[in-house]
file data_14.cif (mmCIF, C-alpha atoms)
data_my_file
#
loop_
_atom_site.label_atom_id
_atom_site.label_comp_id
_atom_site.auth_asym_id
_atom_site.auth_seq_id
_atom_site.Cartn_x
_atom_site.Cartn_y
_atom_site.Cartn_z
CA MET V 1 0.00 0.00 0.00
CA ASP V 2 1.11 3.49 -0.80
CA LEU V 3 -0.20 6.92 0.18
CA VAL V 4 -0.28 9.65 -2.44
CA TYR V 5 -1.88 13.03 -2.97
CA GLY V 6 -4.76 13.36 -5.46
CA GLN V 7 -3.34 13.74 -8.95
CA PRO V 8 -3.86 12.51 -12.52
CA LEU V 9 -5.43 9.20 -11.55
CA LYS V 10 -5.02 7.53 -14.95
CA GLU V 11 -1.24 7.74 -14.98
CA LEU V 12 -1.14 6.87 -11.31
CA LEU V 13 -3.14 3.75 -11.96
CA GLN V 14 -0.76 2.65 -14.71
CA ILE V 15 2.31 2.93 -12.53
CA SER V 16 0.67 1.42 -9.46
CA SER V 17 -0.48 -1.57 -11.51
CA TYR V 18 3.10 -1.93 -12.78
CA PHE V 19 4.23 -2.03 -9.14
CA LYS V 20 1.33 -4.37 -8.35
CA GLU V 21 0.08 -2.44 -5.37
CA GLN V 22 -3.02 -0.54 -4.38
CA LEU V 23 -2.94 3.15 -3.58
CA ILE V 24 -4.55 5.21 -0.88
CA VAL V 25 -5.36 8.58 -2.42
CA LEU V 26 -5.61 11.60 -0.14
CA VAL V 27 -8.76 13.56 -0.97
CA LYS V 28 -10.45 16.66 0.37
CA THR V 29 -13.81 16.70 -1.40
CA GLU V 30 -16.53 14.21 -2.24
CA VAL V 31 -15.90 14.69 -5.97
CA SER V 32 -12.29 13.59 -5.66
CA GLU V 33 -13.40 10.73 -3.40
CA LYS V 34 -15.72 9.47 -6.15
CA ALA V 35 -12.97 9.81 -8.75
CA ALA V 36 -10.59 7.78 -6.59
CA LYS V 37 -13.22 5.10 -6.07
CA GLN V 38 -13.87 4.93 -9.82
CA ALA V 39 -10.16 4.42 -10.42
CA GLU V 40 -10.32 1.49 -7.96
CA GLN V 41 -8.14 3.22 -5.41
CA ILE V 42 -8.85 3.73 -1.73
CA PRO V 43 -9.83 7.31 -0.85
CA CYS V 44 -8.73 8.80 2.45
CA TYR V 45 -9.83 12.22 3.69
CA LEU V 46 -7.10 14.67 4.57
CA VAL V 47 -8.61 16.54 7.50
CA ASP V 48 -7.66 19.51 9.61
CA GLU V 49 -9.35 21.45 12.40
CA SER V 50 -11.68 23.29 10.01
CA THR V 51 -13.09 20.08 8.50
CA ASP V 52 -16.62 19.03 9.43
CA LEU V 53 -15.99 15.57 10.84
CA ASN V 54 -19.67 14.64 10.99
CA LYS V 55 -19.76 14.48 7.18
CA ILE V 56 -16.99 11.93 6.96
CA LYS V 57 -17.96 9.52 9.70
CA ASN V 58 -16.85 5.91 9.10
CA LYS V 59 -14.42 7.03 6.41
CA LYS V 60 -10.66 6.87 6.42
CA LYS V 61 -9.05 9.98 7.84
CA ALA V 62 -5.51 11.28 7.67
CA VAL V 63 -4.02 14.24 9.48
CA LEU V 64 -0.99 16.16 8.31
CA GLY V 65 1.19 16.58 11.40
CA GLY V 66 4.28 18.71 11.73
CA SER V 67 3.31 20.56 14.91
CA ILE V 68 2.30 19.57 18.44
CA LYS V 69 -1.21 20.88 17.81
CA ASN V 70 -1.73 18.82 14.64
CA ASN V 71 -0.26 15.68 16.15
CA GLU V 72 -2.59 15.98 19.14
CA PHE V 73 -5.50 16.60 16.77
CA ALA V 74 -4.78 13.23 15.09
CA VAL V 75 -5.01 11.55 18.49
CA LYS V 76 -8.19 13.44 19.37
CA ILE V 77 -10.13 12.47 16.25
CA ASN V 78 -8.76 8.91 16.21
CA ALA V 79 -7.30 9.32 12.70
CA ASP V 80 -6.22 6.34 10.62
CA TYR V 81 -3.00 7.95 9.48
CA LEU V 82 -0.74 10.61 10.92
CA LEU V 83 1.35 12.01 8.09
CA GLN V 84 4.66 13.68 8.74
CA PRO V 85 4.54 13.95 12.56
CA SER V 86 7.95 15.65 12.51
CA ASN V 87 9.95 17.68 10.06
CA GLU V 88 13.24 19.47 10.63
CA LYS V 89 11.99 19.92 14.20
CA GLN V 90 10.98 17.05 16.40
CA PHE V 91 7.33 16.99 17.54
CA PHE V 92 7.10 13.29 18.33
CA ASP V 93 7.67 11.64 21.67
CA LEU V 94 7.08 8.42 23.56
CA GLY V 95 3.74 9.62 24.97
CA LEU V 96 2.37 10.40 21.53
CA ALA V 97 3.61 7.05 20.21
CA LYS V 98 1.71 5.29 23.01
CA LYS V 99 -1.51 7.19 22.29
CA LEU V 100 -1.24 6.44 18.57
CA ALA V 101 -0.61 2.77 19.27
CA ASP V 102 -3.75 2.65 21.47
CA ASN V 103 -5.79 4.30 18.67
CA ASN V 104 -4.28 1.95 16.07
CA THR V 105 -3.08 4.96 14.07
CA THR V 106 -0.33 4.49 11.52
CA VAL V 107 2.53 6.97 11.35
CA VAL V 108 3.57 7.79 7.80
CA LEU V 109 6.71 9.35 6.40
CA MET V 110 5.92 11.06 3.09
CA PHE V 111 9.13 10.46 1.21
CA GLU V 112 8.62 13.20 -1.39
CA GLU V 113 8.90 15.86 1.32
CA LEU V 114 12.26 14.48 2.39
CA LEU V 115 13.47 14.59 -1.20
CA ASP V 116 12.52 18.23 -1.58
CA LYS V 117 14.75 19.32 1.30
CA ASN V 118 18.30 20.56 0.87
CA SER V 119 21.14 18.47 2.24
CA PHE V 120 21.27 20.19 5.64
CA GLU V 121 17.51 19.95 6.27
CA ARG V 122 17.53 16.40 4.92
CA HIS V 123 19.96 15.21 7.56
CA GLN V 124 17.87 16.78 10.35
CA PHE V 125 14.76 15.23 8.84
CA TRP V 126 16.41 11.82 8.68
CA LYS V 127 17.68 12.06 12.27
CA ASN V 128 14.19 13.00 13.55
CA TYR V 129 12.60 10.09 11.71
CA MET V 130 15.11 7.64 13.14
CA GLU V 131 13.92 8.87 16.53
CA VAL V 132 10.26 8.52 15.46
CA VAL V 133 10.86 4.91 14.40
CA TYR V 134 12.64 4.20 17.68
CA TYR V 135 9.61 5.43 19.66
CA CYS V 136 7.20 3.58 17.38
CA LYS V 137 9.15 0.36 17.86
CA LYS V 138 9.07 0.79 21.63
CA LYS V 139 5.32 1.29 21.79
CA GLY V 140 4.29 -0.92 18.88
CA THR V 141 2.97 1.92 16.73
CA LYS V 142 2.65 1.14 13.03
CA PHE V 143 5.03 3.01 10.76
CA PHE V 144 5.67 2.97 7.05
CA VAL V 145 7.26 5.03 4.34
CA ALA V 146 4.93 6.30 1.61
CA SER V 147 5.76 7.95 -1.70
CA GLY V 148 3.61 10.98 -0.82
CA ASN V 149 4.14 12.33 -4.29
CA LYS V 150 2.28 14.91 -6.31
CA GLU V 151 3.45 13.47 -9.65
CA PRO V 152 2.74 9.91 -10.82
CA LEU V 153 6.29 9.37 -12.06
CA ASN V 154 7.67 9.81 -8.57
CA LEU V 155 6.00 6.73 -7.15
CA LYS V 156 8.43 4.49 -5.32
CA HIS V 157 8.54 0.72 -5.52
CA PRO V 158 7.23 -1.02 -2.33
CA LYS V 159 10.51 -2.89 -1.92
CA VAL V 160 12.42 0.40 -1.98
CA ARG V 161 10.12 1.85 0.67
CA GLN V 162 10.45 -1.25 2.81
CA ASN V 163 14.23 -0.92 2.66
CA LEU V 164 13.98 2.74 3.61
CA ALA V 165 11.95 1.80 6.69
CA GLN V 166 14.59 -0.79 7.54
CA LEU V 167 17.28 1.83 7.14
CA LEU V 168 15.39 4.02 9.62
CA GLY V 169 15.54 1.23 12.18
CA LEU V 170 12.49 -0.96 11.65
CA ASP V 171 13.08 -4.69 11.46
CA GLU V 172 12.45 -6.52 8.19
CA VAL V 173 9.34 -8.42 9.32
CA ASN V 174 7.54 -5.38 10.70
CA ALA V 175 8.58 -3.17 7.78
CA LYS V 176 6.95 -5.62 5.37
CA LYS V 177 3.93 -6.24 7.60
CA TYR V 178 3.10 -2.57 8.07
CA LEU V 179 3.57 -1.88 4.37
CA ASP V 180 1.27 -4.71 3.34
CA GLY V 181 -1.40 -4.23 5.93
CA VAL V 182 -1.78 -0.53 6.42
CA ALA V 183 -5.16 -0.41 4.78
CA LEU V 184 -6.42 -3.64 6.25
CA LYS V 185 -7.53 -1.95 9.45
CA MET K 1 69.27 -12.43 -17.83
CA LYS K 2 66.14 -14.46 -18.03
CA ILE K 3 62.95 -12.97 -16.67
CA GLU K 4 60.85 -15.52 -14.98
CA LYS K 5 57.15 -15.27 -15.27
CA VAL K 6 55.55 -15.24 -11.86
CA LYS K 7 51.97 -16.27 -11.71
CA LYS K 8 49.83 -13.81 -9.77
CA LYS K 9 48.47 -15.23 -6.58
CA THR K 10 44.70 -15.08 -6.39
CA ILE K 11 42.78 -15.03 -3.17
CA PRO K 12 40.89 -18.29 -2.66
CA ALA K 13 37.14 -17.97 -3.19
CA ALA K 14 36.41 -18.76 0.45
CA LEU K 15 38.55 -15.87 1.63
CA ARG K 16 37.22 -13.29 -0.80
CA GLU K 17 34.81 -10.63 0.35
CA LYS K 18 31.22 -11.84 -0.01
CA LYS K 19 29.01 -9.98 -2.44
CA ARG K 20 25.38 -9.75 -3.50
CA TYR K 21 23.82 -8.95 -6.83
CA VAL K 22 20.68 -6.86 -7.34
CA LEU K 23 18.61 -6.83 -10.51
CA ILE K 24 16.95 -3.49 -11.26
CA GLU K 25 14.56 -2.56 -14.03
CA ILE K 26 14.78 0.96 -15.48
CA LEU K 27 11.78 2.73 -16.91
CA ALA K 28 13.16 5.55 -19.03
CA ASP K 29 13.78 6.14 -22.67
CA LYS K 30 17.28 6.28 -24.13
CA LEU K 31 19.41 6.05 -21.03
CA THR K 32 22.96 4.90 -21.65
CA GLU K 33 25.01 2.76 -19.29
CA LYS K 34 27.33 5.67 -18.50
CA ASP K 35 24.43 8.03 -17.75
CA PHE K 36 22.82 5.52 -15.43
CA TYR K 37 26.01 4.76 -13.53
CA PHE K 38 26.87 8.45 -13.17
CA GLY K 39 23.39 9.40 -11.90
CA PHE K 40 23.21 6.44 -9.60
CA TRP K 41 26.66 7.08 -8.15
CA ILE K 42 26.01 10.79 -7.51
CA GLU K 43 22.74 10.18 -5.64
CA LEU K 44 24.20 7.43 -3.50
CA LEU K 45 27.25 9.53 -2.72
CA SER K 46 25.17 12.53 -1.69
CA PHE K 47 23.11 10.44 0.72
CA PHE K 48 25.59 7.93 2.17
CA GLY K 49 28.79 9.95 1.86
CA SER K 50 32.20 8.60 0.84
CA LYS K 51 32.47 6.18 3.76
CA GLY K 52 29.00 4.77 3.30
CA LEU K 53 29.52 4.34 -0.43
CA ALA K 54 32.85 2.60 0.13
CA GLU K 55 31.14 0.17 2.48
CA ILE K 56 28.36 -0.55 -0.01
CA ASN K 57 30.90 -0.76 -2.85
CA PRO K 58 28.36 -0.71 -5.70
CA ARG K 59 29.54 -1.91 -9.12
CA LEU K 60 27.68 -2.20 -12.39
CA VAL K 61 27.94 -5.75 -13.72
CA VAL K 62 25.52 -5.96 -16.66
CA TYR K 63 23.45 -3.30 -18.40
CA LYS K 64 21.13 -4.63 -21.09
CA ASP K 65 17.60 -3.98 -22.34
CA ASN K 66 16.82 -1.44 -19.62
CA LYS K 67 17.74 -3.97 -16.97
CA VAL K 68 20.80 -3.68 -14.83
CA ILE K 69 22.64 -6.00 -12.47
CA LEU K 70 24.49 -4.24 -9.68
CA LYS K 71 27.01 -5.76 -7.30
CA CYS K 72 27.44 -4.74 -3.67
CA THR K 73 28.90 -5.96 -0.40
CA ARG K 74 26.88 -8.66 1.30
CA GLY K 75 24.66 -7.20 4.02
CA LYS K 76 24.55 -3.80 2.33
CA GLU K 77 21.86 -4.59 -0.21
CA THR K 78 19.28 -2.82 1.97
CA GLU K 79 21.25 0.41 1.63
CA LEU K 80 21.69 -0.08 -2.10
CA ILE K 81 17.98 -0.63 -2.72
CA ALA K 82 17.00 2.20 -0.38
CA GLY K 83 19.42 4.46 -2.24
CA ILE K 84 17.41 3.91 -5.41
CA ALA K 85 14.59 5.95 -3.85
CA PHE K 86 16.68 9.10 -4.08
CA ILE K 87 17.04 8.88 -7.85
CA LYS K 88 14.37 11.03 -9.50
CA LYS K 89 16.12 12.22 -12.61
CA ILE K 90 19.20 11.19 -14.52
CA ARG K 91 20.56 13.77 -16.99
CA ASN K 92 17.26 15.66 -16.71
CA LYS K 93 15.29 12.57 -17.73
CA LYS K 94 12.73 11.21 -15.32
CA VAL K 95 13.38 7.62 -14.37
CA ILE K 96 11.55 4.95 -12.44
CA LEU K 97 13.74 2.26 -10.95
CA SER K 98 12.26 -0.91 -9.56
CA PRO K 99 14.28 -3.64 -7.87
CA ILE K 100 13.25 -7.06 -9.12
CA ALA K 101 15.43 -9.55 -7.30
CA THR K 102 18.48 -10.00 -5.10
CA SER K 103 20.79 -12.98 -5.39
CA GLY K 104 24.21 -14.31 -4.49
CA SER K 105 25.06 -15.22 -8.07
CA VAL K 106 24.89 -13.38 -11.39
CA LYS K 107 23.78 -16.52 -13.21
CA LYS K 108 20.42 -16.67 -11.46
CA LEU K 109 19.73 -13.00 -12.05
CA LYS K 110 20.66 -13.34 -15.72
CA GLU K 111 18.13 -16.14 -15.99
CA LYS K 112 15.52 -14.01 -14.26
CA ALA K 113 16.26 -11.02 -16.48
CA GLU K 114 16.21 -13.29 -19.53
CA PHE K 115 19.62 -12.18 -20.77
CA ASP K 116 21.20 -14.43 -23.38
#
call {"tool": "encode", "arguments": {"input": "data_14.cif", "output": "structure tokens"}}
result
Amino acid sequence: MDLVYGQPLKELLQISSYFKEQLIVLVKTEVSEKAAKQAEQIPCYLVDESTDLNKIKNKKKAVLGGSIKNNEFAVKINADYLLQPSNEKQFFDLGLAKKLADNNTTVVLMFEELLDKNSFERHQFWKNYMEVVYYCKKKGTKFFVASGNKEPLNLKHPKVRQNLAQLLGLDEVNAKKYLDGVALK
Amino acid sequence: MKIEKVKKKTIPAALREKKRYVLIEILADKLTEKDFYFGFWIELLSFFGSKGLAEINPRLVVYKDNKVILKCTRGKETELIAGIAFIKKIRNKKVILSPIATSGSVKKLKEKAEFD
């Protein structure tokens, strides 16, 4: 499974079928949700504090982290995915990892954002995510690396993403398990 | 004076450094072997640094029909495959690289890649 932003779904479908994996497409509106469903992909609502949560009950929800407030919001609404809990600054700790594990929330590293950073920011980013994986391992929180791309050609092969998770500190079995079963909640 | 030919001593196979081979498929049009190797090397070097790259010791073994077999130190194949993720463009051409298989011998990978 891979998490991507809404984009030209036709091209996306071609590449994902080449990789033989299903995609979770981040959507914001009902129209884009329908389009994702028609393309046989799994839609997931990207929510923030302004979103009306009553409208999207019983639907997959993802929260874009990157601040203490957003990370806590993901815990509060019992989101399915917490994207980018940290960036160049660390906003993730053991307490948050525990809460996310209790809620069965998956922590996701959007790889495209790491690629866009310059070398100095990239090393801070990488260091923070090694720490995130360490906390996730301790508390049994699910973690996986997603392409998180805005262009279909930047999709990453699942094996590559599994190896990236292993490089961050996850063991081989869990890296594969989390990658395969993230949508099977 | 007669010069004697001395046969070069080779390290026995059991004592040689163990290596692994990775088969990768390239999705890009008109990418030469040199271009691929250069792009691949640069991205790996920028992420792992000189020391990391020396430990991985990646080498290009075969490049044919948009499939490539790379050699690396045993136990470092995770780094090599993860390094692929950092390659977005080579010579301003967008590429998609997908690892197909990892093996201890080139023969098996050649069979898998259907090289002659």
call {"tool": "interface_residues", "arguments": {"input": "data_14.cif", "of": "chain V", "to": "chain K", "cutoff": "9 Å", "atoms": "only C-alpha atoms", "output": "PyMOL selection string"}}
result
chain V and resi 19+111+115+119+123+153-167
call {"tool": "resolve_selection", "arguments": {"input": "data_14.cif", "expression": "the PyMOL selection byres ((chain V and resi 40) around 12)", "output": "NGL selection string"}}
result
:V and (9-10 or 12-14 or 16-17 or 21-25 or 33-39 or 41-43)
call {"tool": "atom_distance", "arguments": {"input": "data_14.cif", "atom1": "atom CA of K:Glu43", "atom2": "atom CA of V:Val107"}}
result
26.6 Å
call {"tool": "resolve_selection", "arguments": {"input": "data_14.cif", "expression": "the PyMOL selection byres ((chain K and resi 53-63) around 8)", "output": "PDB file with C-alpha atoms, keeping the file's coordinate frame"}}
result
ATOM      1  CA  GLU K  33      25.010   2.760 -19.290  1.00  0.00           C
ATOM      2  CA  TYR K  37      26.010   4.760 -13.530  1.00  0.00           C
ATOM      3  CA  LEU K  44      24.200   7.430  -3.500  1.00  0.00           C
ATOM      4  CA  LEU K  45      27.250   9.530  -2.720  1.00  0.00           C
ATOM      5  CA  PHE K  48      25.590   7.930   2.170  1.00  0.00           C
ATOM      6  CA  GLY K  49      28.790   9.950   1.860  1.00  0.00           C
ATOM      7  CA  SER K  50      32.200   8.600   0.840  1.00  0.00           C
ATOM      8  CA  LYS K  51      32.470   6.180   3.760  1.00  0.00           C
ATOM      9  CA  GLY K  52      29.000   4.770   3.300  1.00  0.00           C
ATOM     10  CA  LYS K  64      21.130  -4.630 -21.090  1.00  0.00           C
ATOM     11  CA  ASP K  65      17.600  -3.980 -22.340  1.00  0.00           C
ATOM     12  CA  ASN K  66      16.820  -1.440 -19.620  1.00  0.00           C
ATOM     13  CA  LYS K  67      17.740  -3.970 -16.970  1.00  0.00           C
ATOM     14  CA  VAL K  68      20.800  -3.680 -14.830  1.00  0.00           C
ATOM     15  CA  ILE K  69      22.640  -6.000 -12.470  1.00  0.00           C
ATOM     16  CA  LEU K  70      24.490  -4.240  -9.680  1.00  0.00           C
ATOM     17  CA  LYS K  71      27.010  -5.760  -7.300  1.00  0.00           C
ATOM     18  CA  CYS K  72      27.440  -4.740  -3.670  1.00  0.00           C
ATOM     19  CA  THR K  73      28.900  -5.960  -0.400  1.00  0.00           C
ATOM     20  CA  LYS K  76      24.550  -3.800   2.330  1.00  0.00           C
ATOM     21  CA  GLU K  77      21.860  -4.590  -0.210  1.00  0.00           C
ATOM     22  CA  GLU K  79      21.250   0.410   1.630  1.00  0.00           C
ATOM     23  CA  LEU K  80      21.690  -0.080  -2.100  1.00  0.00           C
TER      24      LEU K  80
END
call {"tool": "residues_near_point", "arguments": {"input": "data_14.cif", "point": "(-8.1, 19.3, 7.1)", "cutoff": "9 Å", "atoms": "all atoms listed in the file", "output": "short mmCIF file (atom, residue, chain, number, x, y, z; two decimals) with C-alpha atoms, keeping the file's coordinate frame"}}
result
data_model
loop_
_atom_site.label_atom_id
_atom_site.label_comp_id
_atom_site.auth_asym_id
_atom_site.auth_seq_id
_atom_site.Cartn_x
_atom_site.Cartn_y
_atom_site.Cartn_z
CA LYS V 28 -10.45 16.66 0.37
CA TYR V 45 -9.83 12.22 3.69
CA LEU V 46 -7.10 14.67 4.57
CA VAL V 47 -8.61 16.54 7.50
CA ASP V 48 -7.66 19.51 9.61
CA GLU V 49 -9.35 21.45 12.40
CA SER V 50 -11.68 23.29 10.01
CA THR V 51 -13.09 20.08 8.50
CA ASP V 52 -16.62 19.03 9.43
CA ALA V 62 -5.51 11.28 7.67
CA VAL V 63 -4.02 14.24 9.48
CA LEU V 64 -0.99 16.16 8.31
#
call {"tool": "residues_near_point", "arguments": {"input": "data_14.cif", "point": "(23.2, -10.5, -4.8)", "cutoff": "6 Å", "atoms": "all atoms listed in the file", "output": "JSON, numbers by chain"}}
result
{"K": [20, 21, 22, 102, 103, 104]}
call {"tool": "resolve_selection", "arguments": {"input": "data_14.cif", "expression": "the PyMOL selection byres ((chain V and resi 98) around 9)", "output": "list in words"}}
result
Asp93, Leu94, Gly95, Leu96, Ala97, Lys99, Leu100, Ala101, Asp102, Asn103, Tyr135, Cys136, Lys138, Lys139, Gly140 and Thr141 of chain V
call {"tool": "closest_residue", "arguments": {"input": "data_14.cif", "among": "K:Ile90, K:Asp29, K:Lys2, K:Ala13", "to": "K:Trp41", "atoms": "all atoms listed in the file"}}
result
K:Ile90
call {"tool": "residues_around", "arguments": {"input": "data_14.cif", "residues": "V:Ala146", "least_positions_apart": "4", "cutoff": "6 Å", "atoms": "only C-alpha atoms", "output": "ChimeraX atom specification"}}
result
/V:2-3,109-111
call {"tool": "residues_around", "arguments": {"input": "data_14.cif", "residues": "stretch 87-89 of chain V", "least_positions_apart": "3", "cutoff": "7 Å", "atoms": "all atoms listed in the file", "output": "PyMOL selection string"}}
result
chain V and resi 66+84+121+124-125
call {"tool": "atom_distance", "arguments": {"input": "data_14.cif", "atom1": "atom CA of V:Tyr5", "atom2": "atom CA of V:Val108"}}
result
13.2 Å
call {"tool": "atom_distance", "arguments": {"input": "data_14.cif", "atom1": "atom CA of V:Lys150", "atom2": "atom CA of V:Glu113"}}
result
10.1 Å
call {"tool": "decode", "arguments": {"input": "data_14.cif", "residues": "stretch 35-48 of chain K", "atoms": "N, CA, C and O atoms", "output": "mmCIF file, in the first residue's frame"}}
result
data_model
loop_
_atom_site.group_PDB
_atom_site.id
_atom_site.type_symbol
_atom_site.label_atom_id
_atom_site.label_comp_id
_atom_site.auth_asym_id
_atom_site.auth_seq_id
_atom_site.Cartn_x
_atom_site.Cartn_y
_atom_site.Cartn_z
ATOM 1 N N ASP K 35 25.362 7.086 -18.379
ATOM 2 C CA ASP K 35 24.433 8.031 -17.749
ATOM 3 C C ASP K 35 23.849 7.434 -16.475
ATOM 4 O O ASP K 35 23.776 8.088 -15.449
ATOM 5 N N PHE K 36 23.431 6.180 -16.583
ATOM 6 C CA PHE K 36 22.822 5.517 -15.429
ATOM 7 C C PHE K 36 23.816 5.432 -14.276
ATOM 8 O O PHE K 36 23.507 5.790 -13.153
ATOM 9 N N TYR K 37 25.009 4.970 -14.586
ATOM 10 C CA TYR K 37 26.010 4.760 -13.535
ATOM 11 C C TYR K 37 26.375 6.073 -12.859
ATOM 12 O O TYR K 37 26.488 6.148 -11.643
ATOM 13 N N PHE K 38 26.516 7.131 -13.688
ATOM 14 C CA PHE K 38 26.871 8.448 -13.168
ATOM 15 C C PHE K 38 25.771 8.966 -12.228
ATOM 16 O O PHE K 38 26.049 9.373 -11.103
ATOM 17 N N GLY K 39 24.528 8.918 -12.703
ATOM 18 C CA GLY K 39 23.394 9.403 -11.905
ATOM 19 C C GLY K 39 23.225 8.624 -10.624
ATOM 20 O O GLY K 39 22.999 9.194 -9.551
ATOM 21 N N PHE K 40 23.364 7.339 -10.739
ATOM 22 C CA PHE K 40 23.208 6.441 -9.605
ATOM 23 C C PHE K 40 24.276 6.719 -8.549
ATOM 24 O O PHE K 40 23.994 6.851 -7.364
ATOM 25 N N TRP K 41 25.511 6.854 -9.035
ATOM 26 C CA TRP K 41 26.659 7.079 -8.152
ATOM 27 C C TRP K 41 26.506 8.400 -7.392
ATOM 28 O O TRP K 41 26.711 8.460 -6.178
ATOM 29 N N ILE K 42 26.140 9.455 -8.107
ATOM 30 C CA ILE K 42 26.012 10.792 -7.514
ATOM 31 C C ILE K 42 24.972 10.779 -6.392
ATOM 32 O O ILE K 42 25.210 11.305 -5.297
ATOM 33 N N GLU K 43 23.820 10.181 -6.640
ATOM 34 C CA GLU K 43 22.742 10.182 -5.640
ATOM 35 C C GLU K 43 23.133 9.385 -4.399
ATOM 36 O O GLU K 43 22.874 9.792 -3.280
ATOM 37 N N LEU K 44 23.765 8.255 -4.624
ATOM 38 C CA LEU K 44 24.200 7.431 -3.497
ATOM 39 C C LEU K 44 25.280 8.140 -2.678
ATOM 40 O O LEU K 44 25.273 8.084 -1.457
ATOM 41 N N LEU K 45 26.163 8.813 -3.389
ATOM 42 C CA LEU K 45 27.249 9.530 -2.719
ATOM 43 C C LEU K 45 26.707 10.678 -1.888
ATOM 44 O O LEU K 45 27.149 10.907 -0.764
ATOM 45 N N SER K 46 25.717 11.391 -2.425
ATOM 46 C CA SER K 46 25.170 12.531 -1.690
ATOM 47 C C SER K 46 24.415 12.080 -0.447
ATOM 48 O O SER K 46 24.343 12.803 0.538
ATOM 49 N N PHE K 47 23.853 10.896 -0.460
ATOM 50 C CA PHE K 47 23.112 10.444 0.718
ATOM 51 C C PHE K 47 23.991 9.686 1.722
ATOM 52 O O PHE K 47 23.937 9.948 2.911
ATOM 53 N N PHE K 48 24.805 8.765 1.250
ATOM 54 C CA PHE K 48 25.586 7.933 2.173
ATOM 55 C C PHE K 48 26.973 8.505 2.493
ATOM 56 O O PHE K 48 27.592 8.087 3.471
#
